[in-house]
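Worksheet: the structure to be examined is printed underneath.
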Amino acid sequence: MLHFVKDLVTLGQRMRHFRTEAGLTLEQLGADVGVAGSQLSLMENGRREPRLSLLGAIAARLGIELSELLDDSAPTERAGLEIELDRAQSSPVYAQLGLPLVRAGKGMSDETLRALVGMHRELARRSREAIATPEEARRANTELRARMRERDNHMAEIDDLVEEALRGVGHSTGALTHRSVSLMAERMGFELVYVGDLPHSARSVTDLENGRIYLPPASIPGGHGLRSMALQAIAHRILGHQAPNDYAEFLQQRLEINYFAAAALMPRTQAVNFLLQAKSDKDIALEDFRDAFGVTHEAAALRFTNLATAHLDMRVHFLRVGGDGAISKAYENDGLPVPMDVTGSVEGEIVCRYWSARRAFVRTNRTTEFYQYTDTPSGTFFESTQIGTSAANDEFSITIGVPFDDAKFFRGRETTRREQSRCPDASCCRRPPADLAAHWSGKAWSSAKVHAHIFSPLPSGTFPGVDDRELYEFLESHASS
């Protein structure tokens, strides 16, 4: 494949455009450059790869620079529409319809071509709208979690890119500064801009035309939030992301940018050295890891899962659990019996009352980590839990745990707290004690809280969850500022 052009279809369109402008037939040009006209036809239709030497000969014969042939823009409006039609008909959305391909030949009018492209745009829009539902989000997230479990939650290729980017701005030790993040953006041609009117559904907005990354004022320098959001926006560009085709791709991109940001805030080499030393000292403590890099407890816990298996030879689990016991995030490759529904989804599932993730809520002192051994049907685990409070003032717990054999490497292993969990056996903690059930059954009535978001589709648009109209109106309002 030619790596110096984005795609063969665009290259073919440019070859045809300059050939016809020169008044040459396929046979005439082919005779001049030493190939059959039929071969040139395949190249102009994006069906065959031309050699670079042949492209040089064609450019010389047509009296243009080679760079003009290799430009990745469509040569004319008509050519652009033909390219868009070809791509649309190659998409999975169109393939699922089982309809024949329509070729934009010379006999097709511009009006017909515009109508066909317009219908494909609407088909793609409706497809995105159809998949931006809570059900699709859960399914896609379940599949993504399974893939990351197979990889031990580790993405070495992104760690490599991050370390290269950090070297480019001269960062080698210590917490990543706001200045270094700004330099990373500048090296890619972007400026960080803080505004108070971001679209309600967007965390950040990148203006590709004017080279700006818009961030909320709450993320102004000084906190982990600013660096993380700016790094996520930068990551989209470094990782070469395009507008997602479906919700699964959107979630994959979100995972990758989150990994990139964490890898920049806690670089692999520094983080692994820190953790290896702590392991050698038999004093691994998430609070120390957190404080060493100036990040949140949750960020440190998630980064620990990225590195634990690949670099510390440890199996591990992570849980973020609300005060009601419901899981909002979970990862495990150590065999912890995390509750899940029939589809394999864990979000919203209730963890055992005897797990550290819930027992930590009942203690009085919540400023330090809570340590506990938990016996489960899958074995015994050592767990460390920290309580936090969200922006909405809701409490949640962050838990990191390992199998019993690895407890010897962690601070807090001397704890005498030990709980037994028989879940998923309902008799463990889901059913009320027999005496309470006998006393209160039939004598009580309660109105449950309903989380309205479970019934609501996400805002649909180019980026799932972000309203296109609000996004474009925002960009327009800031374009001239």
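Each chain of the structure tokens is named A, B, ... in the order shown, its residues numbered from 1; ligands are numbered from 1 in display order.
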| DSSP-assigned alpha helix (DSSP H) members of range 79-302 of chain A, reported as JSON, numbers by chain | {"A": [79, 80, 81, 82, 83, 84, 85, 86, 87, 88, 89, 92, 93, 94, 95, 110, 111, 112, 113, 114, 115, 116, 117, 118, 119, 120, 121, 122, 123, 124, 125, 126, 127, 128, 129, 130, 131, 134, 135, 136, 137, 138, 139, 140, 141, 142, 143, 144, 145, 146, 147, 148, 149, 150, 156, 157, 158, 159, 160, 161, 162, 163, 164, 165, 166, 167, 168, 178, 179, 180, 181, 182, 183, 184, 185, 186, 187, 224, 225, 226, 227, 228, 229, 230, 231, 232, 233, 234, 235, 236, 237, 238, 247, 248, 249, 250, 251, 252, 253, 254, 255, 256, 257, 258, 259, 260, 261, 262, 263, 264, 265, 268, 269, 270, 271, 272, 273, 274, 275, 276, 277, 278, 279, 280, 286, 287, 288, 289, 290, 291, 292, 293, 297, 298, 299, 300, 301, 302]}
| said: At a cut-off of 10 Å, using only C-alpha atoms, what residues contact range 380-387 of chain A? Leave out same-chain residues fewer than 6 positions from it and give the result as a ChimeraX atom specification. | reply: /A:285-287,297-298,316-323,334-336,355-361,365-374,395-408,410-413,415,418-421
| query | Which one of A:Ile58, A:Leu42, A:Ala185, A:Leu123 sits closest to Leu97 in chain A if you count only C-alpha atoms? | reply |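 That would be A:Leu123, the residue with the smallest distance to Leu97 in chain A.
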| Exercise: Leu307 in chain A partners within 12 Å, only C-alpha atoms, chain neighbours under 4 positions left out, as number ranges by chain | A: 151-156, 159, 259, 262-263, 266-276, 300-303, 311-316
| query | Pick from A:Gly63, A:Pro217, A:Pro100, A:Pro377: nearest to Phe18 in chain A, with only C-alpha atoms counted? | reply |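 Among A:Gly63, A:Pro217, A:Pro100, A:Pro377, it is A:Gly63 that comes nearest to Phe18 in chain A.
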| field | Which of range 323-382 of chain A fall in strand (DSSP E or B), as a count of residues only | value | 19
| field | A:Ala165, A:Ala426, A:Leu183, A:Ile350 ranked by distance to Ala261 in chain A, top pick (using only C-alpha atoms) | value | A:Ala165
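Omitting Val295 in chain A and its sequence neighbours fewer than 4 positions away, and counting only C-alpha atoms, the residues within 8 Å are His224, Leu265, Arg290, Asp291, Ala299 and Ala300 of chain A.
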| field | Atom pair CA of Arg469 in chain A / CA of Leu198 in chain A: separation (Å) | value |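 Rounded to one decimal, the two atoms are 12.4 Å apart.
The coordinates place CA of Arg167 in chain A at 23.5 Å from CA of Gln277 in chain A.
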| said: Can you tell me which residues surround Gly37 in chain A at a distance of at most 7 Å, considering only C-alpha atoms, apart from same-chain residues fewer than 4 positions away, and format the answer as a PyMOL selection string? | reply: chain A and resi 26-27+30+41
Ala22 in chain A environment, 10 Å, only C-alpha atoms, sequence neighbours closer than 6 positions dropped, as a PDB file with C-alpha atoms, in the first residue's frame:
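part_8.pdb written:
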ATOM      1  CA  ARG A  16      -7.756  11.385 -14.171  1.00  0.00           C
ATOM      2  CA  LEU A  29      -0.634   8.547 -21.625  1.00  0.00           C
ATOM      3  CA  ARG A  61       4.441  13.852 -18.815  1.00  0.00           C
ATOM      4  CA  LEU A  62       1.511  15.939 -17.561  1.00  0.00           C
ATOM      5  CA  GLY A  63       3.779  18.868 -16.728  1.00  0.00           C
TER       6      GLY A  63
END
| field | Interatomic distance (Å, one decimal) between CA of His236 in chain A and CA of Ile257 in chain A | value |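 Atom-to-atom, CA of His236 in chain A to CA of Ile257 in chain A, that is 6.5 Å.
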